[in-house]
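Chemist: I have a structure I would like to understand better, so I am pasting it below and will then ask my questions one at a time.
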Amino acid sequence: MTTPAADSAGPLPEGRSSVDTVDRAAATPEVAQPYAELGLEDGEYAAIRAVLGRRPTQSELAMYSIMWSEHCSYKSSKVHLRRFGELPKGERMLVGMGENAGVVDVGEGLAVTFKVESHNHPSYVEPYQGAATGVGGIVRDILTMGARPVLVMDSLRFGDAQHPDTARVLPGVVAGVGGYGNCLGLPNVGGEVVFDPTYAGNPLVNALCLGVLPKDRIQLSAARGVGNVVVLLGAKTGRDGIGGVSVLASATFDEDGPARRPSVQVGDPFTEKLLIEACLELYDAQLVEGIQDLGGAGLTCALTETAAAGRSGMRAHLDRVPLREASMEPHEVLASESQERMLAIVAPANLPAVLATAEKWGVLATAIGEVVEGDRLEVLWHGQAVVDVPPGSLADDGPVYDRPQERPADLDTLQAAPTPPHPPGEVLSDLLLRMVASPNLCSRRWVVEQYDRIVLGDTVLAWPQDAGVVRLSEQTGLGIALATDGNGRYARLDPYAGAQLALAEACRNVAATGAVPIAVTNCLNFGSPEDPEVMWQFAEATRGLADACRALALPLTGGNVSFYNSTAEVAINPTPVVGVLGLLDDVARRTPIGFAVEGESVLLLGRTGEELGGSEWAWAEHRHLGGCPPVVDLAAEKVLAEVLVAGSRDGMLSSAHDLSDGGLAQALVESCLAGGPRQDGQPAGVGARIVLPRGLSPFVQLFSESAGRALVTVPRSEELRFTEMCDARGLPCTRIGVTDGTGLEVQDVLSLALEDLREASEATLPALFGPLAGDTAPANPVLTAPATGGLHPG
Amino acid sequence: MRVTARIGVVSFPGSLDDRDAQRAVRLAGGRPVALWHADADLHGVDAVVLPGGFSYGDYLRAGALARFSPVMGTVIEQAGRGLPVLGICNGFQVLCEAGLLPGALTRNAHLHFVNRDQRLRVESTASAWTAGFAEGQAVVVPVKNGEGNYVAATAVLDELEGEGRVVARYLGSNPNGSARDIAGIRNAAGNVVGIMPHPEHAVEELTGPGTDGLVFFTSVLSTLVAA
């Protein structure tokens with residue numbers, strides 16, 4: 001060993017003789033252990049004793065309780081996730097599920113890796129740090145694969161916009177997502193913000209990161225090669241986050257949520273930025289044999305997973321781990337979720353170079369162990385064994401439950417609930433203004449202005465566009481598009497269809513930019529798996545998503561499951577969030593959502609039916625959730641995506657915008673407001689004159705949420721070519737008007753000035769959460785408390 | 001006369017827009033040279049850009065630690081001899097901490113980070129970095145900062161105004177509460193400019209609000225050729 005920390009290894013210091021060693025555990029089988037308090041069930045504890053042939057030590061018990069928690073072991077979801085594993089991999093998938101994140105070939109020698117992960121419970125307890133470390137954690141997952149992280153996105157759900165606690169949670173979460181991502185220099189190029197009372201005690205913070213790597217630089221986590229050194233990189237280990245996964249993420253919240261604050265980790269993005277640069281230099285110099293991030297479950301997870309993946313033995317000297325607090329016990333060191341740490345497996349000959357690179361970047365690096373013969377993971381504390389386990393028993397052989405399922409008792413009643421009465425034509429103008437201003441449809445400027453959306457200089461499209469588009473190559477214009485979507489109301493009414501609709505919408509969003517959808521990831525947010533009705537929702541949603549991936553021929557590259565999203569007895573609406581990755585040969589060809597110029601034809605693609613079940617209109621106007629969500633037609637979605645991509649590639653489309661929440665009305669408003677040349681940095685807006693076809697009532701045509709639709713504009717010169725392409729592919733294409741003027745006019749129905757629509761859309765969030773930068777006069781002083789302070793406001 | 005001017009871009013630990021500044025130099029026709037915070041050698045560059053980011057994590061105060069790095073010792077010395085230096089965002093903060101520019105940048109008045117495309121009026125073209133603009137020209141350059149609120153004693157502000165050393169001012173809403181809407185200032189000689197908005201993010205139509213930012217970089221290249 002060549003590190004200074006090696007010197008600290010020595011005899012057990014005075015006062016630490018109470019440490020529960022392997023020898024003591026073998027000698028004292030009768031000692032009662034607090035396994036239930038750590039979240040382990042009777043049967044699980046018995047299984048641990050059977051594996052070890054003795055009682056576990058205190059450290060081992062901590063490790064099993066972490067690794068066999070729902071969060072780490074996927075014990076309730078595994079049987080359902082097998083459906084994803086059975087999907088065709090496709091030609092582009094280089095690394096699939098099982099590693100930290102899937103890796104997809106995008107051509108030109110490059111690959112990308114992307115993943116979404118939840119940080120829901122920590123973000124309720126401490127919104128700023130919860131959200132910040134959510135970003136930090138997913139970024140390390142991407143870094144672990146060998147990729148340079150190049151963007152983040154955030155998919156957020158909060159309680160009612162007007163709920164007082166939302167004014168605590170939302171500003172903190174937004175500041176945390178921004179505070180961490182901004183300090184890392186990663187552009188935030190999109191995401192979602194949705195309000196619904198079911199998230200009031202349990203917000204969802206799903207963070208996505210995407211990274212880029214040369215195809216031949218993929219890193220894997222397996223620890224192999226006897227004699228190789230186990231190196232801990234990054235921050236010192238402290239008492240923060242102990243019990244994060246077993247306590248916070250794997251149990252239902254009760255009323256004293258905020259009392260769990262010590263379980264929330266505290267992030268330091270500056271350390272992570274240095275860690276990123278140091279690791280990328282290590283990869284480029286081919287100095288690491290294997291690497292694993294330390295996230296939930298900390299060192300426990302990293303040690304066991306690297307050893308298990310390599311089918312190797314491993315010995316770790318825990319007393320060499322640099323600590324923030326010298327009094328930490330071995331089980332605390334193993335369980336700590338201190339952020340900004342990575343574990344590298346290094347050949348002894350490369351160790352000096354690894355330590356030098358770390359030093360260059362100011363990153364702490366400590367050799368804490370080695371790969372050894374055999375198949376045991378042995379952890380020593382001042383020379384005495386405190387852990388001696390088969391690593392696979394922790395990482396791979398955790399309990400698996402096929403938990404009971406039951407269709408929710410209220411589902412028939414919900415689905416049979418009649419839609420509220422449709423409003424008459426003469427009130428649609430006022431209705432549109434209200435809908436545009438409603439919390440779920442209004443402008444997200446208040447949120448996204450707090451995010452750096454342009455750092456790295458490759459952001460081609462970000463909010464309010466359908467998908468984030470980022471350039472990967474300045475030389476060729478190669479780029480990617482990325483969108484996340486998920487509608488909890490749809491999934492509540494029909495989880496199978498809801499998951500499929502989420503995938504369909506994300507695909508549509510990506511295709512609307514002109515990108516070809518090539519891969520899928522997901523984050524499945526559900527209530528307690530011990531509730532059979534939740535388990536039924538989960539099973540249905542995974543089945544729906546798997547079937548839809550198969551139908552669209554899209555590989556699923558990985559995902560994340562978040563259970564126990566409930567407060568007291570009330571579960572959230574089941575919320576499968578689906579991310580879709582798309583590929584653009586040349587980002588200069590991307591299609592924006594905004595109408596480009598006056599005098600172009602406005603076309604509606606797809607078929608509109610009377611589909612208002614679960615719609616934003618029913619919710620915003622009537623607080624009504626009932627009926628069935630829109631019908632899913634994946635074959636039609638596929639054709640629509642192909643047409644959007646072909647239209648972009650052949651330069652036929654001036655704009656394209658997917659139809660989803662709020663229907664045609666919302667899409668028209670957004671395309672008008674985002675349109676036109678920039679004036680003083682802001683889009684000037686382009687109006688439209690719309691004539692709705694005969695048939696369905698104007699209300700239904702404007703607010704129905706039928707899937708498989710998009711709003712596009714084409715120059716007159718391209719119209720015939722484009723409509724013929726639609727006809728040839730059997731995609732309904734209806735000319736509904738022309739871009740014109742400075743207002744949105746729907747003939748015989750409504751006529752609104754763009755300025756009024758813009759004001760309605762922009763005013764809502766500042767009125768709730770405080771004025772935008774540079775604006776004065778907070779609308780509601782009670783709701784304008786400043787964001788909770790971050791570490792790095794600069 | 002050298003064919004292509006070499007513009008150094010310093011990377012501190014925590015610099016984020018260093019590669020973006022290099023790209024801007026390249027698009028303007030210059031040759032970017034990466035400079036490292038721990039290396040006091042400027043490698044013969046003709047001008048230096050201190051890029052945006054969070055150097056040293058903004059620990060203590062934004063720019064407070066970067067100012068003591070080896071590279072800054074040389075930059076401070078060379079700036080005194082006329083080396084053109086542009087500090088963008090965090091770089092502006094470093095220049096204030098280093099005493100090359102007066103005043104300080106404090107937390108935004110509304111306490112939030114803000115990223116938006118911002119209108120500016122170029123107030124002074126008597127600097128190495130703004131000579132290519134027309135005085136009074138309105139431009140659009142993105143801002144993105146949490147501590148961009150420029151403050152200085154009234155006498156200092158009056159002096160800056162009196163000597164025409166306010167380089168750019170925010171038009172429309174002031175995004176961070178800066179005194180007198182100040183977005184950027186220069187030193188008396190005009191070779192050192194600090195600006196809070198990010199000209200390096202307005203150099204391509206594809207990725208920015210336009211190409212107004214490019215003029216900062218073409219300006220210094222022209223200045224160097226003329227000299």
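Just remember, in the structure tokens the first chain shown is A, the second B, etc., residues are 1-based per chain, and ligands are 1-based in the order shown.
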I need the alpha helix (DSSP H) residues of region 84-147 of chain B per DSSP on the backbone, written as a PyMOL selection string.

Modeler: chain B and resi 90-97

Chemist: Keeping all heavy atoms for every residue in the selection just given, could you write it to a file as an mmCIF file, in the first residue's frame?

Modeler:
```cif
data_model
loop_
_atom_site.group_PDB
_atom_site.id
_atom_site.type_symbol
_atom_site.label_atom_id
_atom_site.label_comp_id
_atom_site.auth_asym_id
_atom_site.auth_seq_id
_atom_site.Cartn_x
_atom_site.Cartn_y
_atom_site.Cartn_z
ATOM 1 N N ASN B 90 -18.173 34.354 -13.804
ATOM 2 C CA ASN B 90 -17.234 34.045 -12.730
ATOM 3 C C ASN B 90 -15.883 34.726 -12.980
ATOM 4 O O ASN B 90 -15.207 35.148 -12.038
ATOM 5 C CB ASN B 90 -17.061 32.523 -12.615
ATOM 6 C CG ASN B 90 -16.261 32.096 -11.391
ATOM 7 O OD1 ASN B 90 -15.309 31.339 -11.499
ATOM 8 N ND2 ASN B 90 -16.623 32.579 -10.207
ATOM 9 N N GLY B 91 -15.515 34.874 -14.240
ATOM 10 C CA GLY B 91 -14.276 35.567 -14.579
ATOM 11 C C GLY B 91 -14.334 37.032 -14.175
ATOM 12 O O GLY B 91 -13.321 37.608 -13.727
ATOM 13 N N PHE B 92 -15.485 37.659 -14.317
ATOM 14 C CA PHE B 92 -15.706 39.034 -13.870
ATOM 15 C C PHE B 92 -15.513 39.102 -12.352
ATOM 16 O O PHE B 92 -14.840 39.989 -11.805
ATOM 17 C CB PHE B 92 -17.123 39.454 -14.280
ATOM 18 C CG PHE B 92 -17.490 40.897 -14.038
ATOM 19 C CD1 PHE B 92 -16.572 41.850 -13.603
ATOM 20 C CD2 PHE B 92 -18.806 41.322 -14.280
ATOM 21 C CE1 PHE B 92 -16.943 43.187 -13.394
ATOM 22 C CE2 PHE B 92 -19.186 42.647 -14.080
ATOM 23 C CZ PHE B 92 -18.250 43.570 -13.629
ATOM 24 N N GLN B 93 -16.092 38.119 -11.669
ATOM 25 C CA GLN B 93 -15.951 38.066 -10.203
ATOM 26 C C GLN B 93 -14.469 37.943 -9.811
ATOM 27 O O GLN B 93 -14.011 38.593 -8.867
ATOM 28 C CB GLN B 93 -16.758 36.871 -9.648
ATOM 29 C CG GLN B 93 -18.263 37.021 -9.842
ATOM 30 C CD GLN B 93 -19.028 35.696 -9.747
ATOM 31 O OE1 GLN B 93 -18.443 34.619 -9.848
ATOM 32 N NE2 GLN B 93 -20.335 35.774 -9.557
ATOM 33 N N VAL B 94 -13.730 37.126 -10.574
ATOM 34 C CA VAL B 94 -12.301 36.957 -10.288
ATOM 35 C C VAL B 94 -11.570 38.284 -10.483
ATOM 36 O O VAL B 94 -10.721 38.671 -9.670
ATOM 37 C CB VAL B 94 -11.688 35.851 -11.182
ATOM 38 C CG1 VAL B 94 -10.180 35.759 -10.973
ATOM 39 C CG2 VAL B 94 -12.341 34.500 -10.905
ATOM 40 N N LEU B 95 -11.891 38.998 -11.564
ATOM 41 C CA LEU B 95 -11.224 40.276 -11.841
ATOM 42 C C LEU B 95 -11.476 41.294 -10.733
ATOM 43 O O LEU B 95 -10.586 42.071 -10.370
ATOM 44 C CB LEU B 95 -11.697 40.840 -13.189
ATOM 45 C CG LEU B 95 -11.240 40.077 -14.441
ATOM 46 C CD1 LEU B 95 -11.876 40.669 -15.694
ATOM 47 C CD2 LEU B 95 -9.718 40.101 -14.555
ATOM 48 N N CYS B 96 -12.699 41.303 -10.190
ATOM 49 C CA CYS B 96 -13.003 42.218 -9.081
ATOM 50 C C CYS B 96 -12.216 41.808 -7.838
ATOM 51 O O CYS B 96 -11.631 42.648 -7.154
ATOM 52 C CB CYS B 96 -14.499 42.230 -8.788
ATOM 53 S SG CYS B 96 -15.470 43.039 -10.076
ATOM 54 N N GLU B 97 -12.183 40.501 -7.558
ATOM 55 C CA GLU B 97 -11.439 40.026 -6.387
ATOM 56 C C GLU B 97 -9.946 40.312 -6.543
ATOM 57 O O GLU B 97 -9.249 40.565 -5.567
ATOM 58 C CB GLU B 97 -11.659 38.518 -6.192
ATOM 59 C CG GLU B 97 -13.053 38.142 -5.692
ATOM 60 C CD GLU B 97 -13.279 38.502 -4.229
ATOM 61 O OE1 GLU B 97 -12.280 38.661 -3.490
ATOM 62 O OE2 GLU B 97 -14.455 38.643 -3.827
#
```

Chemist: Sorted by chain and rising residue number, list the residues of chain A at most 7 Å from chain B (counting only C-alpha atoms), each with its closest atom pair and distance in Å to one decimal, as JSON lines.

Modeler:
```
{"residue": "A:Cys183", "atom": "CA", "partner": "B:Phe54", "partner_atom": "CA", "distance": 6.3}
{"residue": "A:Gly185", "atom": "CA", "partner": "B:Leu16", "partner_atom": "CA", "distance": 5.1}
{"residue": "A:Phe270", "atom": "CA", "partner": "B:Gly57", "partner_atom": "CA", "distance": 4.9}
{"residue": "A:Lys273", "atom": "CA", "partner": "B:Gly14", "partner_atom": "CA", "distance": 6.5}
{"residue": "A:Leu274", "atom": "CA", "partner": "B:Pro13", "partner_atom": "CA", "distance": 6.9}
{"residue": "A:Glu449", "atom": "CA", "partner": "B:Asn115", "partner_atom": "CA", "distance": 4.8}
{"residue": "A:Gln450", "atom": "CA", "partner": "B:Phe113", "partner_atom": "CA", "distance": 4.9}
{"residue": "A:Tyr451", "atom": "CA", "partner": "B:Asn115", "partner_atom": "CA", "distance": 6.4}
{"residue": "A:Asp452", "atom": "CA", "partner": "B:Asn115", "partner_atom": "CA", "distance": 5.8}
{"residue": "A:Val455", "atom": "CA", "partner": "B:Asp17", "partner_atom": "CA", "distance": 6.3}
{"residue": "A:Leu456", "atom": "CA", "partner": "B:Asp20", "partner_atom": "CA", "distance": 5.9}
{"residue": "A:Gly457", "atom": "CA", "partner": "B:Asp20", "partner_atom": "CA", "distance": 5.8}
{"residue": "A:Asp458", "atom": "CA", "partner": "B:Thr207", "partner_atom": "CA", "distance": 6.1}
{"residue": "A:Thr459", "atom": "CA", "partner": "B:Thr207", "partner_atom": "CA", "distance": 5.6}
{"residue": "A:Val460", "atom": "CA", "partner": "B:Thr207", "partner_atom": "CA", "distance": 4.9}
{"residue": "A:Ala588", "atom": "CA", "partner": "B:Leu206", "partner_atom": "CA", "distance": 6.9}
{"residue": "A:Asp680", "atom": "CA", "partner": "B:Arg119", "partner_atom": "CA", "distance": 6.0}
{"residue": "A:Gly681", "atom": "CA", "partner": "B:Asp117", "partner_atom": "CA", "distance": 5.2}
{"residue": "A:Ala773", "atom": "CA", "partner": "B:Pro175", "partner_atom": "CA", "distance": 5.3}
{"residue": "A:Gly774", "atom": "CA", "partner": "B:Pro175", "partner_atom": "CA", "distance": 4.7}
{"residue": "A:Asp775", "atom": "CA", "partner": "B:Ser173", "partner_atom": "CA", "distance": 6.9}
{"residue": "A:Pro786", "atom": "CA", "partner": "B:Leu111", "partner_atom": "CA", "distance": 7.0}
{"residue": "A:His792", "atom": "CA", "partner": "B:Asp58", "partner_atom": "CA", "distance": 6.7}
{"residue": "A:Pro793", "atom": "CA", "partner": "B:Gly146", "partner_atom": "CA", "distance": 5.2}
{"residue": "A:Gly794", "atom": "CA", "partner": "B:Gly146", "partner_atom": "CA", "distance": 4.5}
```

Chemist: What would the file look like if the residues just selected were written as a short mmCIF file (atom, residue, chain, number, x, y, z; two decimals), in the first residue's frame with C-alpha atoms?

Modeler:
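Wrote part.cif, looks like this:
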```cif
data_model
loop_
_atom_site.label_atom_id
_atom_site.label_comp_id
_atom_site.auth_asym_id
_atom_site.auth_seq_id
_atom_site.Cartn_x
_atom_site.Cartn_y
_atom_site.Cartn_z
CA CYS A 183 -22.52 23.97 -10.60
CA GLY A 185 -21.94 22.74 -15.85
CA PHE A 270 -17.85 21.21 -6.73
CA LYS A 273 -17.29 18.27 -10.85
CA LEU A 274 -13.68 17.47 -9.91
CA GLU A 449 -34.97 30.27 -15.73
CA GLN A 450 -33.30 28.88 -12.62
CA TYR A 451 -31.57 26.23 -14.72
CA ASP A 452 -28.51 26.78 -16.90
CA VAL A 455 -23.65 25.63 -20.78
CA LEU A 456 -21.43 23.42 -22.98
CA GLY A 457 -22.73 25.35 -25.95
CA ASP A 458 -24.49 22.46 -27.67
CA THR A 459 -28.11 23.01 -26.64
CA VAL A 460 -30.15 23.31 -29.81
CA ALA A 588 -29.52 21.88 -38.05
CA ASP A 680 -34.94 41.17 -28.18
CA GLY A 681 -34.19 37.56 -27.36
CA ALA A 773 -35.93 37.86 -11.75
CA GLY A 774 -36.09 41.60 -12.31
CA ASP A 775 -39.85 41.81 -11.87
CA PRO A 786 -37.29 32.75 -0.94
CA HIS A 792 -23.54 27.46 -4.00
CA PRO A 793 -25.69 30.32 -5.10
CA GLY A 794 -22.97 31.82 -7.30
#
```

Chemist: Which polymer residues have any atom within 10 Å of an atom of Arg26 (chain B), counting only C-alpha atoms, with same-chain residues fewer than 5 positions away left out, as a PyMOL selection string?

Modeler: chain B and resi 6-7+20-21+31-33+217

Chemist: Given the selection you just returned, output its residues as a file containing all heavy atoms, formatted as a PDB file, in the first residue's frame.

Modeler:
```
ATOM      1  N   ARG B   6      -3.394  34.228 -30.646  1.00  0.00           N
ATOM      2  CA  ARG B   6      -3.608  33.125 -29.708  1.00  0.00           C
ATOM      3  C   ARG B   6      -4.257  33.683 -28.451  1.00  0.00           C
ATOM      4  O   ARG B   6      -3.715  34.554 -27.781  1.00  0.00           O
ATOM      5  CB  ARG B   6      -2.282  32.451 -29.383  1.00  0.00           C
ATOM      6  CG  ARG B   6      -1.603  31.868 -30.631  1.00  0.00           C
ATOM      7  CD  ARG B   6      -0.175  31.435 -30.373  1.00  0.00           C
ATOM      8  NE  ARG B   6      -0.094  30.219 -29.591  1.00  0.00           N
ATOM      9  CZ  ARG B   6       0.402  30.150 -28.365  1.00  0.00           C
ATOM     10  NH1 ARG B   6       0.862  31.243 -27.782  1.00  0.00           N
ATOM     11  NH2 ARG B   6       0.445  29.014 -27.716  1.00  0.00           N
ATOM     12  N   ILE B   7      -5.446  33.153 -28.140  1.00  0.00           N
ATOM     13  CA  ILE B   7      -6.200  33.643 -26.989  1.00  0.00           C
ATOM     14  C   ILE B   7      -6.240  32.538 -25.936  1.00  0.00           C
ATOM     15  O   ILE B   7      -6.756  31.447 -26.199  1.00  0.00           O
ATOM     16  CB  ILE B   7      -7.656  34.004 -27.371  1.00  0.00           C
ATOM     17  CG1 ILE B   7      -7.705  34.839 -28.656  1.00  0.00           C
ATOM     18  CG2 ILE B   7      -8.356  34.705 -26.204  1.00  0.00           C
ATOM     19  CD1 ILE B   7      -7.361  36.281 -28.512  1.00  0.00           C
ATOM     20  N   ASP B  20     -16.547  26.473 -23.965  1.00  0.00           N
ATOM     21  CA  ASP B  20     -17.406  27.362 -24.748  1.00  0.00           C
ATOM     22  C   ASP B  20     -16.641  28.616 -25.156  1.00  0.00           C
ATOM     23  O   ASP B  20     -16.783  29.110 -26.270  1.00  0.00           O
ATOM     24  CB  ASP B  20     -18.643  27.723 -23.932  1.00  0.00           C
ATOM     25  CG  ASP B  20     -19.365  26.481 -23.435  1.00  0.00           C
ATOM     26  OD1 ASP B  20     -19.297  25.454 -24.129  1.00  0.00           O
ATOM     27  OD2 ASP B  20     -19.965  26.530 -22.359  1.00  0.00           O
ATOM     28  N   ALA B  21     -15.817  29.128 -24.242  1.00  0.00           N
ATOM     29  CA  ALA B  21     -15.015  30.307 -24.574  1.00  0.00           C
ATOM     30  C   ALA B  21     -13.995  29.954 -25.659  1.00  0.00           C
ATOM     31  O   ALA B  21     -13.733  30.744 -26.571  1.00  0.00           O
ATOM     32  CB  ALA B  21     -14.314  30.830 -23.323  1.00  0.00           C
ATOM     33  N   ARG B  31      -7.021  31.578 -32.281  1.00  0.00           N
ATOM     34  CA  ARG B  31      -6.588  30.227 -31.914  1.00  0.00           C
ATOM     35  C   ARG B  31      -6.677  30.098 -30.404  1.00  0.00           C
ATOM     36  O   ARG B  31      -5.952  30.775 -29.667  1.00  0.00           O
ATOM     37  CB  ARG B  31      -5.157  30.003 -32.384  1.00  0.00           C
ATOM     38  CG  ARG B  31      -4.901  28.545 -32.764  1.00  0.00           C
ATOM     39  CD  ARG B  31      -3.502  28.389 -33.292  1.00  0.00           C
ATOM     40  NE  ARG B  31      -2.726  27.564 -32.368  1.00  0.00           N
ATOM     41  CZ  ARG B  31      -1.404  27.553 -32.317  1.00  0.00           C
ATOM     42  NH1 ARG B  31      -0.700  28.340 -33.106  1.00  0.00           N
ATOM     43  NH2 ARG B  31      -0.783  26.779 -31.456  1.00  0.00           N
ATOM     44  N   PRO B  32      -7.580  29.261 -29.900  1.00  0.00           N
ATOM     45  CA  PRO B  32      -7.712  29.122 -28.450  1.00  0.00           C
ATOM     46  C   PRO B  32      -6.556  28.320 -27.851  1.00  0.00           C
ATOM     47  O   PRO B  32      -6.096  27.359 -28.450  1.00  0.00           O
ATOM     48  CB  PRO B  32      -9.032  28.373 -28.282  1.00  0.00           C
ATOM     49  CG  PRO B  32      -9.245  27.662 -29.573  1.00  0.00           C
ATOM     50  CD  PRO B  32      -8.534  28.433 -30.647  1.00  0.00           C
ATOM     51  N   VAL B  33      -6.088  28.745 -26.708  1.00  0.00           N
ATOM     52  CA  VAL B  33      -5.021  28.042 -25.997  1.00  0.00           C
ATOM     53  C   VAL B  33      -5.523  27.780 -24.577  1.00  0.00           C
ATOM     54  O   VAL B  33      -5.902  28.707 -23.864  1.00  0.00           O
ATOM     55  CB  VAL B  33      -3.740  28.896 -25.938  1.00  0.00           C
ATOM     56  CG1 VAL B  33      -2.666  28.176 -25.116  1.00  0.00           C
ATOM     57  CG2 VAL B  33      -3.236  29.205 -27.336  1.00  0.00           C
ATOM     58  N   PHE B 217     -15.164  38.850 -29.315  1.00  0.00           N
ATOM     59  CA  PHE B 217     -13.959  38.102 -29.667  1.00  0.00           C
ATOM     60  C   PHE B 217     -13.316  38.626 -30.950  1.00  0.00           C
ATOM     61  O   PHE B 217     -12.097  38.695 -31.046  1.00  0.00           O
ATOM     62  CB  PHE B 217     -14.286  36.605 -29.756  1.00  0.00           C
ATOM     63  CG  PHE B 217     -14.845  36.071 -28.461  1.00  0.00           C
ATOM     64  CD1 PHE B 217     -16.215  36.035 -28.222  1.00  0.00           C
ATOM     65  CD2 PHE B 217     -13.991  35.664 -27.444  1.00  0.00           C
ATOM     66  CE1 PHE B 217     -16.729  35.587 -27.006  1.00  0.00           C
ATOM     67  CE2 PHE B 217     -14.488  35.211 -26.233  1.00  0.00           C
ATOM     68  CZ  PHE B 217     -15.864  35.180 -26.012  1.00  0.00           C
TER      69      PHE B 217
END
```

Chemist: Can you tell me, as number ranges by chain, what residues are no more than 9 Å from Pro532 (chain A) when counting only C-alpha atoms, ignoring any on the same chain fewer than 3 positions away?

Modeler: A: 403-408, 528-529, 535-537

Chemist: Please, could you write that set of residues out with C-alpha atoms as a PDB file, in the first residue's frame?

Modeler:
```pdb
ATOM      1  CA  ARG A 403     -46.708 -10.053  -4.039  1.00  0.00           C
ATOM      2  CA  PRO A 404     -50.467 -10.391  -4.195  1.00  0.00           C
ATOM      3  CA  GLN A 405     -52.285  -8.219  -6.685  1.00  0.00           C
ATOM      4  CA  GLU A 406     -55.804  -6.989  -6.744  1.00  0.00           C
ATOM      5  CA  ARG A 407     -57.589  -4.739  -9.191  1.00  0.00           C
ATOM      6  CA  PRO A 408     -58.488  -1.558  -7.281  1.00  0.00           C
ATOM      7  CA  SER A 528     -46.610   0.552  -1.422  1.00  0.00           C
ATOM      8  CA  PRO A 529     -45.971  -2.864  -2.992  1.00  0.00           C
ATOM      9  CA  MET A 535     -49.089  -4.123  -6.968  1.00  0.00           C
ATOM     10  CA  TRP A 536     -51.790  -4.683  -9.573  1.00  0.00           C
ATOM     11  CA  GLN A 537     -51.194  -1.193 -10.945  1.00  0.00           C
TER      12      GLN A 537
END
```

Chemist: How far is it from CA of Ser77 (chain A) to CA of Val400 (chain A), in Å with one decimal?

Modeler: 8.3 Å

Chemist: I'd like the neighbourhood of Val167 (chain B) as a PyMOL selection string, where a residue qualifies if any of its atoms comes within 8 Å (using only C-alpha atoms), though same-chain residues fewer than 4 positions away should be ignored.

Modeler: chain B and resi 122-125+130+183-186+193

Chemist: Give me, as a list in words, all polymer residues having an atom no more than 12 Å from Asp39 (chain B), counting only C-alpha atoms and skipping those fewer than 6 positions away in the same chain.

Modeler: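 Everything that qualifies: Lys360 of chain A; Val10, Ser11, Phe12, Ser69, Pro70, Val71, Met72, Gly73, Thr74 and Val75 of chain B.
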